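Chemist: First, the structure itself, so that you have it in front of you.
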Amino acid sequence: MEKPVFLRPIDTKIYKAYFKDPFLKPIEIRNKEDLKDLVSYLKSEGKNETAKEITQQWVNLHKQHFKINYKGKFLNLGTRTAIMGILNVTPDSFSDGGNFYKDVDRAVSRASKMLEEGADIIDIGGESTRPGAKQITQEEELQRVIPVIKAIRKELGDNFLISVDTYKAPVAQASLDAGADIVNDISGLSFDKNMPKVVARYDCPVVINHIKGRPEDMQKGEIYYDDVVEEIINFLDTQINYAKNYGIREDRFIIDVGIGFGKKVEHNVEIIKRLEEFKILGFPILIGISRKSFIGTILKNLLSYLDIPSPKDRLFGGLGATAIAVLNGANIIRTHDVKETREFLTMLDVIRGYKLV
């Protein structure tokens, strides 16, 4: 269901309300008094739901702190940007496919290294979701993921968060039993009808990701959005409300805008530029920019490179995009390059949080 109103930041002090009702013109809101006047007017016109929605969006836009917790593990968001380190145990991921495939010791070593470098979450994926990737069986995914999760917990302890990157409910359940804490579902709970039941049963945090299509076809053919940000917000809102019907609690949701999941280069750029608008949903924002193809395409086209830079050569371009994402509201950065990203974010967080006395 589409939201009746979208409250969009224009700059640091001005917001503009856009209504679905064609008889309501966009209106600027500069302070709480403007908001109260608008809410009173909407109520006088019998538009109570719209009044309630815009009030909640105002509150959400000004929310600065979140907390992720599960089984005694806490991650506070707001004072600094958190890092989710990527650990692919697949033979065919676009960036590091095969590096840790079927080698549990190497996977554990990599997880240990990322924790030392500053990762707050280790995200373990057993199925590549790169564009064009073929779906694997549940059994194969379990064989790849579960031994790694168990080994990491046994060797590295239980004082950090592990997320499992899967859209299959049985894999999520087995991973949570093995020691995972978070379900990171690229489909936003839309591929497997049993996934919300698993998340609700374990009462664990869940990442609701936007995707248009499926990995095997999401970047094929014409990709069209009337308004890419508005469509993603409506999708995320719909899936979160759907999940709540299964008993998933409000404080369990993390949203991911799905960079590269059924988007053209220009869509990815617009999403990052307008990321602050996603704050109206009221949940922590995770974003995965690391090494993605749109970075390579932009660098090749604008710097006149002969070839598109390989995934491992996209670090600096990715950090540039990450800076804008963080300044626009991203709370968690999902990355292959933990050390470099941590150093970069440390400087960014310190300077943007610095206050003159």
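Following the order of the structure tokens, chains are lettered A, B, ..., residues in each are numbered from 1, and ligands are numbered from 1.
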Find the residues of range 196-307 of chain A that sit at most 10 Å from range 146-169 of chain A; for each, write down the nearest two atoms and how far apart they are in Å, to one decimal. Count only C-alpha atoms. Sort by chain, then by number going up, and give it as JSON lines.
Modeler:
```
{"residue": "A:Pro196", "atom": "CA", "partner": "A:Ala169", "partner_atom": "CA", "distance": 8.2}
{"residue": "A:Lys197", "atom": "CA", "partner": "A:Ala169", "partner_atom": "CA", "distance": 8.4}
{"residue": "A:Val198", "atom": "CA", "partner": "A:Ala169", "partner_atom": "CA", "distance": 6.5}
{"residue": "A:Val199", "atom": "CA", "partner": "A:Ala169", "partner_atom": "CA", "distance": 8.7}
{"residue": "A:Pro205", "atom": "CA", "partner": "A:Ser163", "partner_atom": "CA", "distance": 9.0}
{"residue": "A:Val206", "atom": "CA", "partner": "A:Ser163", "partner_atom": "CA", "distance": 8.8}
{"residue": "A:Val207", "atom": "CA", "partner": "A:Ser163", "partner_atom": "CA", "distance": 9.2}
```
Chemist: Select from range 216-257 of chain A everything DSSP, run on the backbone, classes as strand (DSSP E or B), then give the selection as a short mmCIF file (atom, residue, chain, number, x, y, z; two decimals) with N, CA and C atoms, in the first residue's frame.
Modeler:
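Now in selection.cif:
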```
data_model
loop_
_atom_site.label_atom_id
_atom_site.label_comp_id
_atom_site.auth_asym_id
_atom_site.auth_seq_id
_atom_site.Cartn_x
_atom_site.Cartn_y
_atom_site.Cartn_z
N PHE A 253 13.85 -4.54 13.04
CA PHE A 253 14.04 -4.28 11.62
C PHE A 253 15.24 -3.39 11.31
N ILE A 254 15.95 -3.76 10.26
CA ILE A 254 17.00 -2.94 9.65
C ILE A 254 16.63 -2.87 8.17
N ILE A 255 16.74 -1.71 7.55
CA ILE A 255 16.37 -1.61 6.13
C ILE A 255 17.61 -1.46 5.26
N ASP A 256 17.55 -2.07 4.09
CA ASP A 256 18.63 -1.99 3.10
C ASP A 256 18.00 -1.59 1.77
#
```
Chemist: For Arg130 in chain A, list every protein, DNA or RNA residue within 12 Å, evaluated using only C-alpha atoms, and leave out those in the same chain fewer than 3 positions away; present the list as a ChimeraX atom specification.
Modeler: /A:88,90-97,125,127,133-135,186,211,214-219,258-262,291-293
Chemist: Next, the residues of the selection above should be written as a PDB file, in the first residue's frame with N, CA and C atoms.
Modeler:
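Result file is result12.pdb:
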```pdb
ATOM      1  N   ASN A  88      31.979 -14.293   1.992  1.00  0.00           N
ATOM      2  CA  ASN A  88      31.294 -15.139   1.018  1.00  0.00           C
ATOM      3  C   ASN A  88      31.923 -16.531   1.000  1.00  0.00           C
ATOM      4  N   THR A  90      31.258 -18.944  -1.195  1.00  0.00           N
ATOM      5  CA  THR A  90      30.706 -19.357  -2.481  1.00  0.00           C
ATOM      6  C   THR A  90      31.835 -19.439  -3.505  1.00  0.00           C
ATOM      7  N   PRO A  91      31.628 -20.212  -4.583  1.00  0.00           N
ATOM      8  CA  PRO A  91      32.661 -20.272  -5.628  1.00  0.00           C
ATOM      9  C   PRO A  91      32.527 -19.176  -6.671  1.00  0.00           C
ATOM     10  N   ASP A  92      31.441 -18.372  -6.616  1.00  0.00           N
ATOM     11  CA  ASP A  92      31.139 -17.514  -7.761  1.00  0.00           C
ATOM     12  C   ASP A  92      30.653 -16.112  -7.419  1.00  0.00           C
ATOM     13  N   SER A  93      30.944 -15.605  -6.217  1.00  0.00           N
ATOM     14  CA  SER A  93      30.566 -14.227  -5.921  1.00  0.00           C
ATOM     15  C   SER A  93      31.364 -13.276  -6.807  1.00  0.00           C
ATOM     16  N   PHE A  94      30.786 -12.111  -7.101  1.00  0.00           N
ATOM     17  CA  PHE A  94      31.387 -11.229  -8.109  1.00  0.00           C
ATOM     18  C   PHE A  94      32.763 -10.703  -7.698  1.00  0.00           C
ATOM     19  N   SER A  95      33.011 -10.592  -6.386  1.00  0.00           N
ATOM     20  CA  SER A  95      34.259  -9.967  -5.953  1.00  0.00           C
ATOM     21  C   SER A  95      35.297 -10.951  -5.441  1.00  0.00           C
ATOM     22  N   ASP A  96      34.896 -11.827  -4.522  1.00  0.00           N
ATOM     23  CA  ASP A  96      35.871 -12.724  -3.899  1.00  0.00           C
ATOM     24  C   ASP A  96      35.435 -14.181  -3.946  1.00  0.00           C
ATOM     25  N   GLY A  97      34.657 -14.522  -4.953  1.00  0.00           N
ATOM     26  CA  GLY A  97      34.157 -15.885  -5.074  1.00  0.00           C
ATOM     27  C   GLY A  97      35.273 -16.913  -5.113  1.00  0.00           C
ATOM     28  N   GLY A 125      27.526 -15.502   3.662  1.00  0.00           N
ATOM     29  CA  GLY A 125      26.613 -15.872   2.580  1.00  0.00           C
ATOM     30  C   GLY A 125      27.084 -17.096   1.837  1.00  0.00           C
ATOM     31  N   GLU A 127      25.293 -18.329  -0.951  1.00  0.00           N
ATOM     32  CA  GLU A 127      24.781 -18.323  -2.332  1.00  0.00           C
ATOM     33  C   GLU A 127      25.033 -16.951  -2.946  1.00  0.00           C
ATOM     34  N   ALA A 133      23.330 -14.634 -11.280  1.00  0.00           N
ATOM     35  CA  ALA A 133      23.662 -15.826 -10.502  1.00  0.00           C
ATOM     36  C   ALA A 133      22.511 -16.822 -10.515  1.00  0.00           C
ATOM     37  N   LYS A 134      22.866 -18.107 -10.622  1.00  0.00           N
ATOM     38  CA  LYS A 134      21.869 -19.167 -10.607  1.00  0.00           C
ATOM     39  C   LYS A 134      21.584 -19.599  -9.165  1.00  0.00           C
ATOM     40  N   GLN A 135      20.324 -19.903  -8.909  1.00  0.00           N
ATOM     41  CA  GLN A 135      19.931 -20.358  -7.573  1.00  0.00           C
ATOM     42  C   GLN A 135      20.523 -21.737  -7.283  1.00  0.00           C
ATOM     43  N   ILE A 186      17.916 -10.726   1.173  1.00  0.00           N
ATOM     44  CA  ILE A 186      17.941  -9.831   0.010  1.00  0.00           C
ATOM     45  C   ILE A 186      16.563  -9.631  -0.612  1.00  0.00           C
ATOM     46  N   ILE A 211      14.580  -5.433  -3.589  1.00  0.00           N
ATOM     47  CA  ILE A 211      15.040  -6.037  -4.834  1.00  0.00           C
ATOM     48  C   ILE A 211      13.914  -5.942  -5.851  1.00  0.00           C
ATOM     49  N   ARG A 214      14.724 -11.047  -9.556  1.00  0.00           N
ATOM     50  CA  ARG A 214      15.515 -12.020  -8.813  1.00  0.00           C
ATOM     51  C   ARG A 214      16.955 -11.928  -9.312  1.00  0.00           C
ATOM     52  N   PRO A 215      17.928 -12.431  -8.552  1.00  0.00           N
ATOM     53  CA  PRO A 215      19.324 -12.295  -8.972  1.00  0.00           C
ATOM     54  C   PRO A 215      19.585 -12.723 -10.414  1.00  0.00           C
ATOM     55  N   GLU A 216      18.926 -13.788 -10.847  1.00  0.00           N
ATOM     56  CA  GLU A 216      19.202 -14.285 -12.191  1.00  0.00           C
ATOM     57  C   GLU A 216      18.713 -13.352 -13.300  1.00  0.00           C
ATOM     58  N   ASP A 217      17.748 -12.465 -12.994  1.00  0.00           N
ATOM     59  CA  ASP A 217      17.213 -11.605 -14.057  1.00  0.00           C
ATOM     60  C   ASP A 217      17.090 -10.124 -13.678  1.00  0.00           C
ATOM     61  N   MET A 218      17.516  -9.742 -12.477  1.00  0.00           N
ATOM     62  CA  MET A 218      17.220  -8.399 -11.975  1.00  0.00           C
ATOM     63  C   MET A 218      17.902  -7.273 -12.757  1.00  0.00           C
ATOM     64  N   GLN A 219      18.989  -7.584 -13.470  1.00  0.00           N
ATOM     65  CA  GLN A 219      19.668  -6.541 -14.238  1.00  0.00           C
ATOM     66  C   GLN A 219      19.452  -6.698 -15.749  1.00  0.00           C
ATOM     67  N   GLY A 258      19.077  -1.761  -1.172  1.00  0.00           N
ATOM     68  CA  GLY A 258      19.297  -2.695  -2.269  1.00  0.00           C
ATOM     69  C   GLY A 258      20.054  -2.126  -3.446  1.00  0.00           C
ATOM     70  N   ILE A 259      21.186  -1.473  -3.186  1.00  0.00           N
ATOM     71  CA  ILE A 259      22.016  -0.951  -4.278  1.00  0.00           C
ATOM     72  C   ILE A 259      22.406  -2.095  -5.221  1.00  0.00           C
ATOM     73  N   GLY A 260      22.101  -1.911  -6.513  1.00  0.00           N
ATOM     74  CA  GLY A 260      22.460  -2.913  -7.512  1.00  0.00           C
ATOM     75  C   GLY A 260      21.484  -4.057  -7.681  1.00  0.00           C
ATOM     76  N   PHE A 261      20.441  -4.094  -6.875  1.00  0.00           N
ATOM     77  CA  PHE A 261      19.463  -5.181  -6.961  1.00  0.00           C
ATOM     78  C   PHE A 261      18.263  -4.735  -7.799  1.00  0.00           C
ATOM     79  N   GLY A 262      18.433  -4.767  -9.108  1.00  0.00           N
ATOM     80  CA  GLY A 262      17.376  -4.316 -10.005  1.00  0.00           C
ATOM     81  C   GLY A 262      17.390  -2.803 -10.159  1.00  0.00           C
ATOM     82  N   ARG A 291      32.485  -2.339  -3.858  1.00  0.00           N
ATOM     83  CA  ARG A 291      32.966  -2.977  -5.083  1.00  0.00           C
ATOM     84  C   ARG A 291      31.898  -3.192  -6.153  1.00  0.00           C
ATOM     85  N   LYS A 292      30.731  -2.582  -6.037  1.00  0.00           N
ATOM     86  CA  LYS A 292      29.644  -2.877  -6.970  1.00  0.00           C
ATOM     87  C   LYS A 292      29.896  -2.257  -8.342  1.00  0.00           C
ATOM     88  N   SER A 293      29.221  -2.826  -9.335  1.00  0.00           N
ATOM     89  CA  SER A 293      29.551  -2.518 -10.725  1.00  0.00           C
ATOM     90  C   SER A 293      29.285  -1.073 -11.109  1.00  0.00           C
TER      91      SER A 293
END
```
Chemist: Can you pull out the residues contacting Arg249 in chain A? Cut-off 12 Å, using only C-alpha atoms, and skip same-chain residues under 3 positions away; I want them as a ChimeraX atom specification.
Modeler: /A:196,199-206,240-246,252-254,283
Chemist: Would you mind exporting the chosen residues as a JSON list (two decimals), in the first residue's frame, restricted to N, CA and C atoms?
Modeler:
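The resulting again_27.json:
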```json
[["chain", "number", "residue", "atom", "x", "y", "z"],
["A", 196, "PRO", "N", 9.27, -15.04, 7.51],
["A", 196, "PRO", "CA", 8.79, -14.25, 8.66],
["A", 196, "PRO", "C", 8.51, -15.10, 9.89],
["A", 199, "VAL", "N", 11.92, -15.75, 11.64],
["A", 199, "VAL", "CA", 12.41, -14.54, 12.32],
["A", 199, "VAL", "C", 11.60, -14.28, 13.59],
["A", 200, "ALA", "N", 10.28, -14.41, 13.49],
["A", 200, "ALA", "CA", 9.42, -14.18, 14.65],
["A", 200, "ALA", "C", 9.69, -15.20, 15.74],
["A", 201, "ARG", "N", 9.89, -16.47, 15.36],
["A", 201, "ARG", "CA", 10.13, -17.52, 16.36],
["A", 201, "ARG", "C", 11.41, -17.29, 17.13],
["A", 202, "TYR", "N", 12.44, -16.83, 16.43],
["A", 202, "TYR", "CA", 13.74, -16.61, 17.09],
["A", 202, "TYR", "C", 13.86, -15.19, 17.65],
["A", 203, "ASP", "N", 12.92, -14.34, 17.30],
["A", 203, "ASP", "CA", 12.91, -12.96, 17.77],
["A", 203, "ASP", "C", 14.26, -12.28, 17.52],
["A", 204, "CYS", "N", 14.77, -12.45, 16.31],
["A", 204, "CYS", "CA", 16.10, -11.93, 15.97],
["A", 204, "CYS", "C", 15.97, -10.71, 15.05],
["A", 205, "PRO", "N", 17.02, -9.89, 14.98],
["A", 205, "PRO", "CA", 17.01, -8.79, 14.01],
["A", 205, "PRO", "C", 16.96, -9.32, 12.58],
["A", 206, "VAL", "N", 16.36, -8.53, 11.68],
["A", 206, "VAL", "CA", 16.24, -8.94, 10.29],
["A", 206, "VAL", "C", 16.46, -7.74, 9.38],
["A", 240, "ILE", "N", 7.62, -4.60, 5.88],
["A", 240, "ILE", "CA", 7.72, -4.49, 7.34],
["A", 240, "ILE", "C", 6.36, -4.69, 7.99],
["A", 241, "ASN", "N", 5.32, -4.10, 7.43],
["A", 241, "ASN", "CA", 3.97, -4.30, 7.97],
["A", 241, "ASN", "C", 3.54, -5.76, 7.83],
["A", 242, "TYR", "N", 3.91, -6.37, 6.71],
["A", 242, "TYR", "CA", 3.64, -7.80, 6.50],
["A", 242, "TYR", "C", 4.33, -8.63, 7.57],
["A", 243, "ALA", "N", 5.58, -8.29, 7.87],
["A", 243, "ALA", "CA", 6.35, -9.03, 8.87],
["A", 243, "ALA", "C", 5.77, -8.85, 10.27],
["A", 244, "LYS", "N", 5.29, -7.65, 10.56],
["A", 244, "LYS", "CA", 4.71, -7.39, 11.88],
["A", 244, "LYS", "C", 3.49, -8.26, 12.14],
["A", 245, "ASN", "N", 2.79, -8.61, 11.07],
["A", 245, "ASN", "CA", 1.62, -9.47, 11.22],
["A", 245, "ASN", "C", 1.98, -10.86, 11.73],
["A", 246, "TYR", "N", 3.25, -11.22, 11.57],
["A", 246, "TYR", "CA", 3.73, -12.51, 12.07],
["A", 246, "TYR", "C", 4.30, -12.39, 13.48],
["A", 252, "ARG", "N", 13.24, -4.88, 15.69],
["A", 252, "ARG", "CA", 14.03, -5.93, 15.04],
["A", 252, "ARG", "C", 14.40, -5.60, 13.61],
["A", 253, "PHE", "N", 13.85, -4.54, 13.04],
["A", 253, "PHE", "CA", 14.04, -4.28, 11.62],
["A", 253, "PHE", "C", 15.24, -3.39, 11.31],
["A", 254, "ILE", "N", 15.95, -3.76, 10.26],
["A", 254, "ILE", "CA", 17.00, -2.94, 9.65],
["A", 254, "ILE", "C", 16.63, -2.87, 8.17],
["A", 283, "PHE", "N", 13.79, 3.28, 10.85],
["A", 283, "PHE", "CA", 14.63, 2.13, 11.15],
["A", 283, "PHE", "C", 16.08, 2.41, 10.76]]
```
Chemist: Go through A:Ile29, A:Ile124, A:Ala51, A:Val59 and flag the residue nearest Gly85 in chain A, using only C-alpha atoms for the distances.
Modeler: A:Ile124
Chemist: Do you have the CA of Glu277 in chain A-CA of Pro9 in chain A distance handy?
Modeler: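 Computed distance, CA of Glu277 in chain A to CA of Pro9 in chain A, equals 6.6 Å.
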Chemist: Would you list the contacts of Pro170 in chain A as a PyMOL selection string, taking every protein, DNA or RNA residue within 8 Å and counting only C-alpha atoms, but skipping same-chain residues closer than 3 positions in sequence?
Modeler: chain A and resi 138+173-174
Chemist: Please write the residues from the selection above to a file, keeping N, CA and C atoms, as a short mmCIF file (atom, residue, chain, number, x, y, z; two decimals), in the first residue's frame.
Modeler:
```cif
data_model
loop_
_atom_site.label_atom_id
_atom_site.label_comp_id
_atom_site.auth_asym_id
_atom_site.auth_seq_id
_atom_site.Cartn_x
_atom_site.Cartn_y
_atom_site.Cartn_z
N GLN A 138 18.85 -25.70 -1.38
CA GLN A 138 18.90 -25.46 0.06
C GLN A 138 20.00 -26.31 0.70
N GLN A 173 16.96 -20.67 9.67
CA GLN A 173 16.71 -21.37 10.94
C GLN A 173 17.94 -22.16 11.38
N ALA A 174 18.53 -22.92 10.47
CA ALA A 174 19.70 -23.71 10.82
C ALA A 174 20.87 -22.81 11.21
#
```
Chemist: Report as number ranges by chain all protein, DNA and RNA residues lying within 10 Å of range 307-316 of chain A, evaluated on only C-alpha atoms, omitting residues in the same chain fewer than 5 positions from it.
Modeler: A: 94-96, 289-301, 321-322, 335-337, 340-341
Chemist: Would you export the selected residues with C-alpha atoms as a JSON list (two decimals), in the first residue's frame, please?
Modeler:
```json
[["chain", "number", "residue", "atom", "x", "y", "z"],
["A", 94, "PHE", "CA", 31.39, -11.23, -8.11],
["A", 95, "SER", "CA", 34.26, -9.97, -5.95],
["A", 96, "ASP", "CA", 35.87, -12.72, -3.90],
["A", 289, "ILE", "CA", 28.10, -0.20, -1.92],
["A", 290, "SER", "CA", 31.37, -2.11, -1.72],
["A", 291, "ARG", "CA", 32.97, -2.98, -5.08],
["A", 292, "LYS", "CA", 29.64, -2.88, -6.97],
["A", 293, "SER", "CA", 29.55, -2.52, -10.72],
["A", 294, "PHE", "CA", 28.01, 0.97, -10.87],
["A", 295, "ILE", "CA", 31.23, 2.31, -9.30],
["A", 296, "GLY", "CA", 33.31, 0.76, -12.07],
["A", 297, "THR", "CA", 30.97, 2.04, -14.77],
["A", 298, "ILE", "CA", 31.10, 5.62, -13.45],
["A", 299, "LEU", "CA", 34.89, 5.57, -13.09],
["A", 300, "LYS", "CA", 35.37, 4.21, -16.62],
["A", 301, "ASN", "CA", 33.00, 6.69, -18.22],
["A", 321, "ALA", "CA", 29.89, 6.97, -2.39],
["A", 322, "THR", "CA", 30.01, 5.71, 1.21],
["A", 335, "THR", "CA", 31.91, -3.94, 2.92],
["A", 336, "HIS", "CA", 34.63, -6.30, 1.71],
["A", 337, "ASP", "CA", 37.35, -3.86, 2.79],
["A", 340, "GLU", "CA", 40.14, 0.77, 4.90],
["A", 341, "THR", "CA", 36.46, 1.44, 5.52]]
```
Chemist: Within 12 Å of range 1-4 of chain A, which residues of range 53-159 of chain A come that close, and what is the closest atom pair and distance in Å for each? Count only C-alpha atoms and give it as JSON lines.
Modeler:
```
{"residue": "A:Glu53", "atom": "CA", "partner": "A:Pro4", "partner_atom": "CA", "distance": 7.7}
{"residue": "A:Ile54", "atom": "CA", "partner": "A:Pro4", "partner_atom": "CA", "distance": 8.8}
{"residue": "A:Gln57", "atom": "CA", "partner": "A:Lys3", "partner_atom": "CA", "distance": 10.8}
```
Chemist: Enumerate the residues of range 52-106 of chain A with a DSSP assignment of alpha helix (DSSP H), computed from the backbone, and present them as a PDB file with C-alpha atoms, in the first residue's frame.
Modeler:
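selection20.pdb was written with the following content:
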```pdb
ATOM      1  CA  LYS A  52      -0.890  10.655  11.812  1.00  0.00           C
ATOM      2  CA  GLU A  53       1.513   9.496   9.101  1.00  0.00           C
ATOM      3  CA  ILE A  54       3.195  12.874   8.619  1.00  0.00           C
ATOM      4  CA  THR A  55       3.609  13.300  12.378  1.00  0.00           C
ATOM      5  CA  GLN A  56       5.325   9.909  12.614  1.00  0.00           C
ATOM      6  CA  GLN A  57       7.556  10.696   9.649  1.00  0.00           C
ATOM      7  CA  TRP A  58       8.642  13.944  11.332  1.00  0.00           C
ATOM      8  CA  VAL A  59       9.576  12.008  14.471  1.00  0.00           C
ATOM      9  CA  ASN A  60      11.416   9.357  12.439  1.00  0.00           C
ATOM     10  CA  LEU A  61      13.416  11.910  10.453  1.00  0.00           C
ATOM     11  CA  VAL A 104      36.461 -23.591   6.863  1.00  0.00           C
ATOM     12  CA  ASP A 105      39.848 -22.708   8.370  1.00  0.00           C
ATOM     13  CA  ARG A 106      40.415 -19.930   5.825  1.00  0.00           C
TER      14      ARG A 106
END
```
Chemist: Find, counting only C-alpha atoms, the residue in A:Asn31, A:Met84, A:Tyr41, A:Asp181 that gets nearest to Lys71 in chain A.
Modeler: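 Ranked by minimum distance to Lys71 in chain A, first place goes to A:Asp181.
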Chemist: Report, in Å with one decimal, the straight-line distance from CA of Val183 in chain A to CA of Ile332 in chain A.
Modeler: 14.8 Å
Chemist: Between CA of Ile14 in chain A and CA of Phe278 in chain A, what is the spacing in Å?
Modeler: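 According to the coordinates, CA of Phe278 in chain A and CA of Ile14 in chain A are separated by 16.1 Å.
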Chemist: Quick one: residues within 7 Å of Val5 in chain A, only C-alpha atoms, excluding same-chain residues fewer than 2 positions away - as JSON, numbers by chain?
Modeler: {"A": [3, 7, 17, 18, 19, 20, 50, 54]}
Chemist: Could you check the closest approach to Ile83 in chain A for each of A:Glu45, A:Ile27, A:His65, A:Asp120 and tell me which residue wins, using only C-alpha atoms?
Modeler: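 Of A:Glu45, A:Ile27, A:His65, A:Asp120, the one nearest Ile83 in chain A, counting only C-alpha atoms, is A:Asp120.
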